[in-house]
>>> print(open('model16.pdb').read())   # PDB, C-alpha atoms and all ligand atoms
ATOM      1  CA  MET F  19     -30.392 -88.377  68.841
ATOM      2  CA  SER F  20     -26.592 -88.148  69.333
ATOM      3  CA  ALA F  21     -24.310 -87.487  66.345
ATOM      4  CA  ASN F  22     -23.128 -91.116  66.408
ATOM      5  CA  GLY F  23     -26.723 -92.372  66.678
ATOM      6  CA  LYS F  24     -27.699 -90.236  63.690
ATOM      7  CA  ALA F  25     -24.731 -91.525  61.647
ATOM      8  CA  VAL F  26     -25.696 -95.140  62.403
ATOM      9  CA  HIS F  27     -29.355 -94.486  61.562
ATOM     10  CA  GLU F  28     -28.429 -92.867  58.234
ATOM     11  CA  ALA F  29     -25.987 -95.659  57.369
ATOM     12  CA  GLN F  30     -28.709 -98.235  58.027
ATOM     13  CA  ASP F  31     -31.159 -96.264  55.913
ATOM     14  CA  ARG F  32     -28.652 -96.306  53.013
ATOM     15  CA  ALA F  33     -27.927-100.007  53.552
ATOM     16  CA  LEU F  34     -31.606-100.874  53.141
ATOM     17  CA  PRO F  35     -32.779 -99.574  49.766
ATOM     18  CA  VAL F  36     -36.305-100.452  48.676
ATOM     19  CA  CYS F  37     -36.004-103.136  45.999
ATOM     20  CA  GLN F  38     -38.177-105.910  44.556
ATOM     21  CA  PRO F  39     -40.200-107.383  46.102
ATOM     22  CA  GLU F  40     -40.949-104.171  47.984
ATOM     23  CA  ARG F  41     -42.761-106.065  50.725
ATOM     24  CA  LEU F  42     -39.515-107.723  51.870
ATOM     25  CA  SER F  43     -37.417-104.559  51.948
ATOM     26  CA  GLU F  44     -40.232-102.611  53.591
ATOM     27  CA  SER F  45     -40.464-105.255  56.291
ATOM     28  CA  MET F  46     -36.680-105.056  56.896
ATOM     29  CA  ARG F  47     -36.739-101.248  56.980
ATOM     30  CA  TYR F  48     -39.797-101.250  59.263
ATOM     31  CA  SER F  49     -37.970-103.034  62.087
ATOM     32  CA  VAL F  50     -34.429-101.694  61.637
ATOM     33  CA  LEU F  51     -35.453 -98.046  61.345
ATOM     34  CA  ALA F  52     -38.000 -98.304  64.196
ATOM     35  CA  GLY F  53     -35.365 -97.147  66.656
ATOM     36  CA  GLY F  54     -34.594 -98.882  69.918
ATOM     37  CA  LYS F  55     -32.018 -97.819  72.463
ATOM     38  CA  ARG F  56     -29.075 -98.598  70.134
ATOM     39  CA  VAL F  57     -27.041 -99.970  73.043
ATOM     40  CA  ARG F  58     -24.968-102.212  70.758
ATOM     41  CA  PRO F  59     -23.951 -99.451  68.326
ATOM     42  CA  VAL F  60     -22.994 -97.265  71.304
ATOM     43  CA  LEU F  61     -20.833-100.091  72.650
ATOM     44  CA  ALA F  62     -19.153-100.665  69.275
ATOM     45  CA  ILE F  63     -18.341 -97.006  68.739
ATOM     46  CA  ALA F  64     -17.187 -96.355  72.319
ATOM     47  CA  ALA F  65     -14.873 -99.400  72.217
ATOM     48  CA  CYS F  66     -13.422 -98.282  68.868
ATOM     49  CA  GLU F  67     -12.756 -94.792  70.203
ATOM     50  CA  LEU F  68     -11.322 -96.228  73.421
ATOM     51  CA  VAL F  69      -8.531 -97.992  71.501
ATOM     52  CA  GLY F  70      -7.804 -95.082  69.189
ATOM     53  CA  ARG F  71      -9.824 -94.827  65.961
ATOM     54  CA  SER F  72     -12.677 -92.414  65.284
ATOM     55  CA  ALA F  73     -16.355 -93.415  65.395
ATOM     56  CA  ALA F  74     -16.563 -93.658  61.587
ATOM     57  CA  ALA F  75     -14.349 -96.767  61.586
ATOM     58  CA  ALA F  76     -16.913 -98.567  63.745
ATOM     59  CA  THR F  77     -20.054 -97.583  61.797
ATOM     60  CA  PRO F  78     -20.144-100.808  59.699
ATOM     61  CA  VAL F  79     -19.762-102.884  62.891
ATOM     62  CA  ALA F  80     -22.416-100.827  64.686
ATOM     63  CA  CYS F  81     -24.902-101.287  61.814
ATOM     64  CA  ALA F  82     -24.146-104.988  61.353
ATOM     65  CA  VAL F  83     -24.593-105.838  65.037
ATOM     66  CA  GLU F  84     -27.823-103.851  65.161
ATOM     67  CA  MET F  85     -29.097-105.754  62.090
ATOM     68  CA  VAL F  86     -28.384-109.090  63.815
ATOM     69  CA  HIS F  87     -30.040-107.806  66.994
ATOM     70  CA  THR F  88     -33.097-106.619  65.055
ATOM     71  CA  MET F  89     -33.473-109.919  63.189
ATOM     72  CA  SER F  90     -33.346-111.748  66.532
ATOM     73  CA  LEU F  91     -36.170-109.507  67.803
ATOM     74  CA  ILE F  92     -38.264-110.164  64.663
ATOM     75  CA  HIS F  93     -37.876-113.931  65.067
ATOM     76  CA  ASP F  94     -38.320-113.752  68.846
ATOM     77  CA  ASP F  95     -41.758-112.144  68.435
ATOM     78  CA  MET F  96     -43.065-114.796  66.030
ATOM     79  CA  PRO F  97     -45.836-117.174  67.081
ATOM     80  CA  CYS F  98     -43.432-120.162  67.250
ATOM     81  CA  MET F  99     -41.237-118.230  69.744
ATOM     82  CA  ASP F 100     -42.657-115.693  72.212
ATOM     83  CA  ASP F 101     -45.722-114.750  70.156
ATOM     84  CA  ASP F 102     -45.549-111.034  70.951
ATOM     85  CA  THR F 103     -47.596-108.500  69.031
ATOM     86  CA  LEU F 104     -45.764-105.283  69.944
ATOM     87  CA  ARG F 105     -42.129-104.260  69.536
ATOM     88  CA  ARG F 106     -40.397-100.910  69.827
ATOM     89  CA  GLY F 107     -43.735 -99.204  70.298
ATOM     90  CA  ARG F 108     -45.320-100.560  67.137
ATOM     91  CA  GLN F 109     -46.830-103.776  65.799
ATOM     92  CA  ALA F 110     -44.401-106.696  65.739
ATOM     93  CA  ASN F 111     -43.065-107.412  62.251
ATOM     94  CA  HIS F 112     -45.084-110.628  61.818
ATOM     95  CA  VAL F 113     -48.274-108.755  62.733
ATOM     96  CA  ALA F 114     -47.570-105.928  60.277
ATOM     97  CA  PHE F 115     -46.251-108.061  57.380
ATOM     98  CA  GLY F 116     -47.356-111.636  58.050
ATOM     99  CA  GLU F 117     -45.395-114.624  59.269
ATOM    100  CA  TYR F 118     -43.495-115.755  56.193
ATOM    101  CA  THR F 119     -42.366-112.231  55.351
ATOM    102  CA  ALA F 120     -41.186-111.672  58.936
ATOM    103  CA  LEU F 121     -39.240-114.937  58.877
ATOM    104  CA  LEU F 122     -37.569-114.116  55.562
ATOM    105  CA  SER F 123     -36.996-110.520  56.534
ATOM    106  CA  GLY F 124     -35.047-111.754  59.572
ATOM    107  CA  ASP F 125     -33.081-114.178  57.368
ATOM    108  CA  ALA F 126     -32.299-111.414  54.869
ATOM    109  CA  LEU F 127     -31.172-109.062  57.657
ATOM    110  CA  LEU F 128     -28.813-111.691  59.021
ATOM    111  CA  ALA F 129     -27.231-112.089  55.574
ATOM    112  CA  LEU F 130     -27.122-108.330  55.014
ATOM    113  CA  ALA F 131     -25.338-107.794  58.341
ATOM    114  CA  PHE F 132     -22.293-109.742  57.152
ATOM    115  CA  GLU F 133     -22.384-108.247  53.648
ATOM    116  CA  HIS F 134     -22.586-104.755  55.165
ATOM    117  CA  LEU F 135     -19.749-105.384  57.623
ATOM    118  CA  ALA F 136     -17.381-106.740  54.961
ATOM    119  CA  ARG F 137     -18.281-104.156  52.340
ATOM    120  CA  GLY F 138     -18.356-101.268  54.815
ATOM    121  CA  CYS F 139     -14.876-102.035  56.163
ATOM    122  CA  ALA F 140     -13.509-102.400  52.609
ATOM    123  CA  ASP F 141     -15.026 -99.072  51.521
ATOM    124  CA  LEU F 142     -13.642 -97.231  54.549
ATOM    125  CA  ARG F 143     -10.049 -98.280  53.770
ATOM    126  CA  VAL F 144      -8.853 -97.485  57.309
ATOM    127  CA  VAL F 145      -9.632-100.981  58.596
ATOM    128  CA  PRO F 146      -7.101-103.608  57.432
ATOM    129  CA  ALA F 147      -8.742-106.645  55.749
ATOM    130  CA  GLU F 148      -7.370-108.986  58.418
ATOM    131  CA  ARG F 149      -9.176-106.948  61.116
ATOM    132  CA  ALA F 150     -12.403-106.850  59.106
ATOM    133  CA  LEU F 151     -12.282-110.653  58.737
ATOM    134  CA  ARG F 152     -11.719-111.077  62.487
ATOM    135  CA  ALA F 153     -14.796-108.925  63.145
ATOM    136  CA  VAL F 154     -16.886-110.960  60.669
ATOM    137  CA  ALA F 155     -15.841-114.183  62.415
ATOM    138  CA  LYS F 156     -16.563-112.791  65.910
ATOM    139  CA  LEU F 157     -20.028-111.633  64.895
ATOM    140  CA  GLY F 158     -20.850-114.987  63.266
ATOM    141  CA  ASN F 159     -19.671-116.807  66.361
ATOM    142  CA  ALA F 160     -21.772-114.595  68.648
ATOM    143  CA  ALA F 161     -24.944-115.037  66.574
ATOM    144  CA  GLY F 162     -24.850-118.748  65.854
ATOM    145  CA  ALA F 163     -24.897-122.144  67.532
ATOM    146  CA  GLY F 164     -22.403-121.040  70.196
ATOM    147  CA  GLY F 165     -24.155-117.744  70.839
ATOM    148  CA  VAL F 166     -27.592-116.129  70.508
ATOM    149  CA  ALA F 167     -29.243-119.113  68.795
ATOM    150  CA  ALA F 168     -27.929-121.443  71.539
ATOM    151  CA  GLY F 169     -29.202-119.122  74.277
ATOM    152  CA  GLN F 170     -32.631-118.944  72.699
ATOM    153  CA  VAL F 171     -32.929-122.734  72.382
ATOM    154  CA  ALA F 172     -31.806-123.178  76.008
ATOM    155  CA  ASP F 173     -34.316-120.551  77.111
ATOM    156  CA  LYS F 174     -37.241-122.068  75.193
ATOM    157  CA  ALA F 175     -36.326-125.592  76.312
ATOM    158  CA  SER F 176     -36.283-124.559  79.980
ATOM    159  CA  GLU F 177     -39.691-122.872  79.996
ATOM    160  CA  GLY F 178     -41.887-124.221  82.767
ATOM    161  CA  LYS F 179     -39.004-126.246  84.277
ATOM    162  CA  PRO F 180     -36.820-125.597  87.336
ATOM    163  CA  VAL F 181     -33.733-123.666  86.219
ATOM    164  CA  SER F 182     -30.394-123.693  88.061
ATOM    165  CA  LEU F 183     -28.300-120.550  88.530
ATOM    166  CA  ALA F 184     -25.732-122.043  86.114
ATOM    167  CA  MET F 185     -28.404-122.509  83.427
ATOM    168  CA  LEU F 186     -29.797-119.000  84.003
ATOM    169  CA  GLU F 187     -26.292-117.610  83.529
ATOM    170  CA  PHE F 188     -25.812-119.748  80.371
ATOM    171  CA  ILE F 189     -29.046-118.407  78.894
ATOM    172  CA  HIS F 190     -28.243-114.754  79.549
ATOM    173  CA  LEU F 191     -24.601-115.023  78.530
ATOM    174  CA  HIS F 192     -25.603-116.549  75.189
ATOM    175  CA  LYS F 193     -28.953-115.001  74.403
ATOM    176  CA  THR F 194     -28.074-111.408  75.300
ATOM    177  CA  SER F 195     -24.509-110.912  76.436
ATOM    178  CA  ARG F 196     -22.736-112.535  73.463
ATOM    179  CA  LEU F 197     -24.071-109.973  71.000
ATOM    180  CA  ASN F 198     -23.341-107.031  73.321
ATOM    181  CA  SER F 199     -19.826-108.379  73.780
ATOM    182  CA  ALA F 200     -19.417-108.870  70.026
ATOM    183  CA  ALA F 201     -20.402-105.237  69.480
ATOM    184  CA  ALA F 202     -17.714-104.028  71.881
ATOM    185  CA  VAL F 203     -15.069-106.531  70.791
ATOM    186  CA  CYS F 204     -15.620-105.899  67.062
ATOM    187  CA  GLY F 205     -15.469-102.159  67.769
ATOM    188  CA  ALA F 206     -12.097-102.661  69.475
ATOM    189  CA  ILE F 207     -10.880-104.905  66.633
ATOM    190  CA  VAL F 208     -11.681-102.426  63.846
ATOM    191  CA  GLY F 209     -10.410 -99.642  66.122
ATOM    192  CA  GLY F 210      -6.941-101.200  66.000
ATOM    193  CA  GLY F 211      -6.820-102.436  69.615
ATOM    194  CA  THR F 212      -4.050-104.731  70.842
ATOM    195  CA  ASP F 213      -4.962-108.313  71.860
ATOM    196  CA  GLY F 214      -4.735-107.254  75.524
ATOM    197  CA  GLN F 215      -7.073-104.307  74.965
ATOM    198  CA  ILE F 216      -9.564-106.486  73.067
ATOM    199  CA  GLU F 217      -9.552-109.045  75.923
ATOM    200  CA  SER F 218     -10.152-106.260  78.421
ATOM    201  CA  VAL F 219     -13.052-104.879  76.374
ATOM    202  CA  LEU F 220     -14.507-108.397  76.226
ATOM    203  CA  ARG F 221     -14.387-108.793  80.020
ATOM    204  CA  TYR F 222     -15.936-105.334  80.450
ATOM    205  CA  ALA F 223     -18.764-106.181  78.041
ATOM    206  CA  ARG F 224     -19.462-109.567  79.673
ATOM    207  CA  SER F 225     -19.872-107.921  83.069
ATOM    208  CA  VAL F 226     -22.064-105.147  81.659
ATOM    209  CA  GLY F 227     -24.205-107.667  79.728
ATOM    210  CA  LEU F 228     -24.901-109.686  82.874
ATOM    211  CA  LEU F 229     -25.379-106.503  84.896
ATOM    212  CA  PHE F 230     -28.096-105.414  82.450
ATOM    213  CA  GLN F 231     -29.989-108.655  83.063
ATOM    214  CA  VAL F 232     -29.599-108.728  86.858
ATOM    215  CA  VAL F 233     -30.769-105.096  87.095
ATOM    216  CA  ASP F 234     -33.743-105.941  84.871
ATOM    217  CA  ASP F 235     -34.742-108.826  87.143
ATOM    218  CA  VAL F 236     -34.271-106.796  90.351
ATOM    219  CA  LEU F 237     -36.266-103.867  88.970
ATOM    220  CA  ASP F 238     -39.116-106.262  88.189
ATOM    221  CA  VAL F 239     -39.313-106.872  91.934
ATOM    222  CA  THR F 240     -38.368-103.522  93.501
ATOM    223  CA  ARG F 241     -40.403-101.321  91.148
ATOM    224  CA  THR F 242     -43.551-103.053  92.250
ATOM    225  CA  SER F 243     -42.437-103.049  95.901
ATOM    226  CA  GLU F 244     -42.139 -99.254  95.812
ATOM    227  CA  GLN F 245     -45.562 -98.948  94.251
ATOM    228  CA  LEU F 246     -47.025-101.213  96.905
ATOM    229  CA  GLY F 247     -44.997 -99.591  99.721
ATOM    230  CA  LYS F 248     -43.766-102.925 101.055
ATOM    231  CA  THR F 249     -40.688-105.107 100.673
ATOM    232  CA  ALA F 250     -42.196-108.073  98.901
ATOM    233  CA  GLY F 251     -42.394-107.631  95.138
ATOM    234  CA  LYS F 252     -44.858-108.792  92.552
ATOM    235  CA  ASP F 253     -45.080-112.460  91.735
ATOM    236  CA  GLN F 254     -42.905-112.942  88.675
ATOM    237  CA  ALA F 255     -44.075-115.246  85.890
ATOM    238  CA  ALA F 256     -43.982-118.723  87.387
ATOM    239  CA  ASP F 257     -42.176-120.231  84.391
ATOM    240  CA  LYS F 258     -39.398-117.618  84.257
ATOM    241  CA  ALA F 259     -36.203-118.006  86.276
ATOM    242  CA  THR F 260     -34.715-114.732  87.584
ATOM    243  CA  TYR F 261     -31.777-113.702  89.783
ATOM    244  CA  PRO F 262     -33.955-112.518  92.711
ATOM    245  CA  LYS F 263     -35.820-115.815  92.619
ATOM    246  CA  LEU F 264     -32.621-117.845  92.686
ATOM    247  CA  LEU F 265     -30.458-115.614  94.919
ATOM    248  CA  GLY F 266     -32.910-113.423  96.832
ATOM    249  CA  VAL F 267     -33.139-109.649  96.219
ATOM    250  CA  GLU F 268     -30.284-108.642  98.544
ATOM    251  CA  GLN F 269     -27.790-111.065  97.057
ATOM    252  CA  ALA F 270     -28.887-110.120  93.547
ATOM    253  CA  GLN F 271     -28.193-106.460  94.437
ATOM    254  CA  ALA F 272     -24.771-107.416  95.820
ATOM    255  CA  TYR F 273     -24.095-109.214  92.536
ATOM    256  CA  MET F 274     -25.002-105.992  90.674
ATOM    257  CA  THR F 275     -22.394-104.082  92.709
ATOM    258  CA  GLU F 276     -19.810-106.773  92.018
ATOM    259  CA  LEU F 277     -20.471-106.758  88.250
ATOM    260  CA  LEU F 278     -20.250-102.947  88.078
ATOM    261  CA  ALA F 279     -16.928-103.032  89.955
ATOM    262  CA  MET F 280     -15.620-105.713  87.569
ATOM    263  CA  ALA F 281     -16.623-103.652  84.516
ATOM    264  CA  GLU F 282     -15.033-100.489  85.906
ATOM    265  CA  ALA F 283     -11.837-102.330  86.873
ATOM    266  CA  GLU F 284     -11.319-103.353  83.236
ATOM    267  CA  LEU F 285     -11.455 -99.719  82.136
ATOM    268  CA  GLN F 286      -8.804 -98.687  84.640
ATOM    269  CA  GLY F 287      -6.219-100.475  82.512
ATOM    270  CA  PHE F 288      -6.642 -97.822  79.800
ATOM    271  CA  ASP F 289      -4.421 -94.752  80.262
ATOM    272  CA  ASP F 290      -6.746 -92.223  78.640
ATOM    273  CA  ALA F 291      -9.584 -91.667  81.152
ATOM    274  CA  GLU F 292     -11.387 -89.362  78.722
ATOM    275  CA  ARG F 293     -11.622 -92.092  76.091
ATOM    276  CA  ALA F 294     -12.818 -94.586  78.733
ATOM    277  CA  ALA F 295     -15.504 -92.232  80.065
ATOM    278  CA  PRO F 296     -18.335 -93.227  77.640
ATOM    279  CA  LEU F 297     -17.997 -96.920  78.590
ATOM    280  CA  GLN F 298     -17.850 -96.010  82.279
ATOM    281  CA  HIS F 299     -21.004 -93.887  81.957
ATOM    282  CA  LEU F 300     -22.769 -96.707  80.106
ATOM    283  CA  ALA F 301     -21.966 -99.219  82.887
ATOM    284  CA  ARG F 302     -23.172 -96.798  85.582
ATOM    285  CA  PHE F 303     -26.279 -95.905  83.582
ATOM    286  CA  ILE F 304     -27.163 -99.597  83.350
ATOM    287  CA  ALA F 305     -26.442-100.196  87.052
ATOM    288  CA  TYR F 306     -28.418 -97.232  88.366
ATOM    289  CA  ARG F 307     -31.336 -97.070  85.936
ATOM    290  CA  GLN F 308     -34.774 -97.062  87.519
ATOM    291  CA  ASN F 309     -36.800 -98.537  84.646
TER     292      ASN F 309
HETATM  293  C1  LIG P 401     -29.270-114.489  65.826
HETATM  294  C2  LIG P 401     -29.089-116.529  64.362
HETATM  295  C3  LIG P 401     -29.887-115.738  65.326
HETATM  296  C4  LIG P 401     -31.104-116.190  65.716
HETATM  297  C5  LIG P 401     -32.018-115.481  66.638
HETATM  298  C6  LIG P 401     -34.954-115.471  68.188
HETATM  299  C7  LIG P 401     -33.544-115.635  68.568
HETATM  300  C8  LIG P 401     -32.634-116.416  67.661
HETATM  301  C9  LIG P 401     -33.026-115.092  69.688
HETATM  302  C10 LIG P 401     -33.760-114.195  70.605
HETATM  303  C11 LIG P 401     -32.773-113.266  71.209
HETATM  304  C12 LIG P 401     -33.396-112.209  72.073
HETATM  305  C13 LIG P 401     -34.671-111.590  71.666
HETATM  306  C14 LIG P 401     -32.750-111.840  73.182
HETATM  307  C15 LIG P 401     -33.206-110.756  74.071
HETATM  308  C16 LIG P 401     -32.198-109.661  73.968
HETATM  309  C17 LIG P 401     -32.670-108.367  74.534
HETATM  310  C18 LIG P 401     -32.151-107.952  75.869
HETATM  311  C19 LIG P 401     -33.493-107.597  73.825
HETATM  312  C20 LIG P 401     -33.881-106.240  74.187
HETATM  313  O1  LIG P 401     -32.771-105.422  73.844
HETATM  314  P1  LIG P 401     -32.868-103.863  73.960
HETATM  315  O2  LIG P 401     -33.501-103.520  75.267
HETATM  316  O3  LIG P 401     -33.914-103.559  72.768
HETATM  317  O4  LIG P 401     -31.534-103.276  73.681
HETATM  318  P2  LIG P 401     -34.002-102.291  71.814
HETATM  319  O5  LIG P 401     -35.362-102.391  71.160
HETATM  320  O6  LIG P 401     -33.833-101.060  72.651
HETATM  321  O7  LIG P 401     -32.904-102.422  70.783
END
>>> encode(input="model16.pdb", output="structure tokens")
Amino acid sequence: MSANGKAVHEAQDRALPVCQPERLSESMRYSVLAGGKRVRPVLAIAACELVGRSAAAATPVACAVEMVHTMSLIHDDMPCMDDDTLRRGRQANHVAFGEYTALLSGDALLALAFEHLARGCADLRVVPAERALRAVAKLGNAAGAGGVAAGQVADKASEGKPVSLAMLEFIHLHKTSRLNSAAAVCGAIVGGGTDGQIESVLRYARSVGLLFQVVDDVLDVTRTSEQLGKTAGKDQAADKATYPKLLGVEQAQAYMTELLAMAEAELQGFDDAERAAPLQHLARFIAYRQN
């Protein structure tokens, strides 16, 4: 684990003490400390460093966004949503702790995220209160009825129905990309970025968020094609809209190239190439990953 990853993990461990009733805090700790790729904390810290402050200033943001992300995964796995039994290599929270505990554990994590962000920024003293409040508002906006929750409702409501490219984009932008963008934007806010820099980070993160999804969809097709040694891929779930289904594989790949170029163009506006390098590597890693 990287030094930043370790710092985030330890901060989350401290933020989640075992208290009464133990079952609730154990359920919260079970999912948050299970790991995951920590893409959102990486984004938050890299954006903070890009605009000038050290990683420590972004730790409360990194933890808070990861708590919101984890609660969305807990709720997403529940029987009333996707009804999945495995997550991050272990039993889904509702399987391990039961449905009502999983539901409340997600609720408690959502509340804790905002408490942790506000308290963490205040304790650090390097982040002005006005910046901390802007980050709180951005995260709330990304999680709620104009963000992740909206994307999830749109996704569930469109299951089994024909989905237009505009609706597919709406779902991904809200369900996934809004939280990734909030991580980067909040990192830039607490990092002391100018309005122009924050806007640039937002455009970078939007492109990378969509890129992540398009690559995911294309890999679903091409991975199987390679295994089969032919150009046609596996039949994707009939009720799930994807970019290759709506655009064709070649056009989806061209879209990937376009999104990567858009993300990289945003970083060129920053003078210090060394500080921009982690975000550039992240975009390329997402674009060129093979699984
Ligand atoms: C946030 C208020 C609020 C409600 C949640 C259930 C729900 C509403 C939304 C579901 C959101 C969801 C599960 C989106 C998928 C996002 C996604 C790409 C998950 C996988 O992210 P990774 O690959 O996972 O970064 P790890 O485990 O590595 O962190």
>>> residues_around(input="model16.pdb", residues="Met46 of chain F", least_positions_apart="2", cutoff="9 Å", atoms="all atoms listed in the file", output="PyMOL selection string")
chain F and resi 34+41-44+48-51+89+111+120+123-124+126-127
>>> axis_aligned_box(input="model16.pdb", around="ligand LIG 401 (chain P)", padding_each_side="5 Å", output="JSON")
{"center_x": -32.2, "center_y": -108.8, "center_z": 70.1, "size_x": 16.3, "size_y": 25.5, "size_z": 21.5}
>>> atom_distance(input="model16.pdb", atom1="atom CA of Phe188 of chain F", atom2="atom CA of Cys66 of chain F")
27.3 Å
>>> residues_around(input="model16.pdb", residues="segment 165-181 of chain F", least_positions_apart="4", cutoff="8 Å", atoms="only C-alpha atoms", output="list in words")
Met99, Asn159, Ala160, Ala161, Met185, Leu186, Phe188, Ile189, His190, Leu191, His192, Lys193, Thr194, Arg196, Leu197, Ala256, Asp257, Lys258 and Ala259 of chain F
>>> atom_distance(input="model16.pdb", atom1="atom CA of Ala153 of chain F", atom2="atom CA of Val26 of chain F")
17.6 Å
>>> atom_distance(input="model16.pdb", atom1="atom CA of Cys81 of chain F", atom2="atom CA of Val57 of chain F")
11.5 Å
>>> closest_residue(input="model16.pdb", among="F:Leu68, F:Ala21, F:Ala76, F:Ala155", to="Gly205 of chain F", atoms="all atoms listed in the file")
F:Ala76
>>> resolve_selection(input="model16.pdb", expression="the PyMOL selection byres (((chain F and resi 287) around 12) and not hetatm)", output="mmCIF file with C-alpha atoms, in the coordinates of the input")
data_model
loop_
_atom_site.group_PDB
_atom_site.id
_atom_site.type_symbol
_atom_site.label_atom_id
_atom_site.label_comp_id
_atom_site.auth_asym_id
_atom_site.auth_seq_id
_atom_site.Cartn_x
_atom_site.Cartn_y
_atom_site.Cartn_z
ATOM 1 C CA LEU F 68 -11.322 -96.228 73.421
ATOM 2 C CA VAL F 69 -8.531 -97.992 71.501
ATOM 3 C CA GLY F 214 -4.735 -107.254 75.524
ATOM 4 C CA GLN F 215 -7.073 -104.307 74.965
ATOM 5 C CA ILE F 216 -9.564 -106.486 73.067
ATOM 6 C CA GLU F 217 -9.552 -109.045 75.923
ATOM 7 C CA SER F 218 -10.152 -106.260 78.421
ATOM 8 C CA VAL F 219 -13.052 -104.879 76.374
ATOM 9 C CA ARG F 221 -14.387 -108.793 80.020
ATOM 10 C CA TYR F 222 -15.936 -105.334 80.450
ATOM 11 C CA MET F 280 -15.620 -105.713 87.569
ATOM 12 C CA ALA F 281 -16.623 -103.652 84.516
ATOM 13 C CA GLU F 282 -15.033 -100.489 85.906
ATOM 14 C CA ALA F 283 -11.837 -102.330 86.873
ATOM 15 C CA GLU F 284 -11.319 -103.353 83.236
ATOM 16 C CA LEU F 285 -11.455 -99.719 82.136
ATOM 17 C CA GLN F 286 -8.804 -98.687 84.640
ATOM 18 C CA PHE F 288 -6.642 -97.822 79.800
ATOM 19 C CA ASP F 289 -4.421 -94.752 80.262
ATOM 20 C CA ASP F 290 -6.746 -92.223 78.640
ATOM 21 C CA ALA F 291 -9.584 -91.667 81.152
ATOM 22 C CA ARG F 293 -11.622 -92.092 76.091
ATOM 23 C CA ALA F 294 -12.818 -94.586 78.733
#
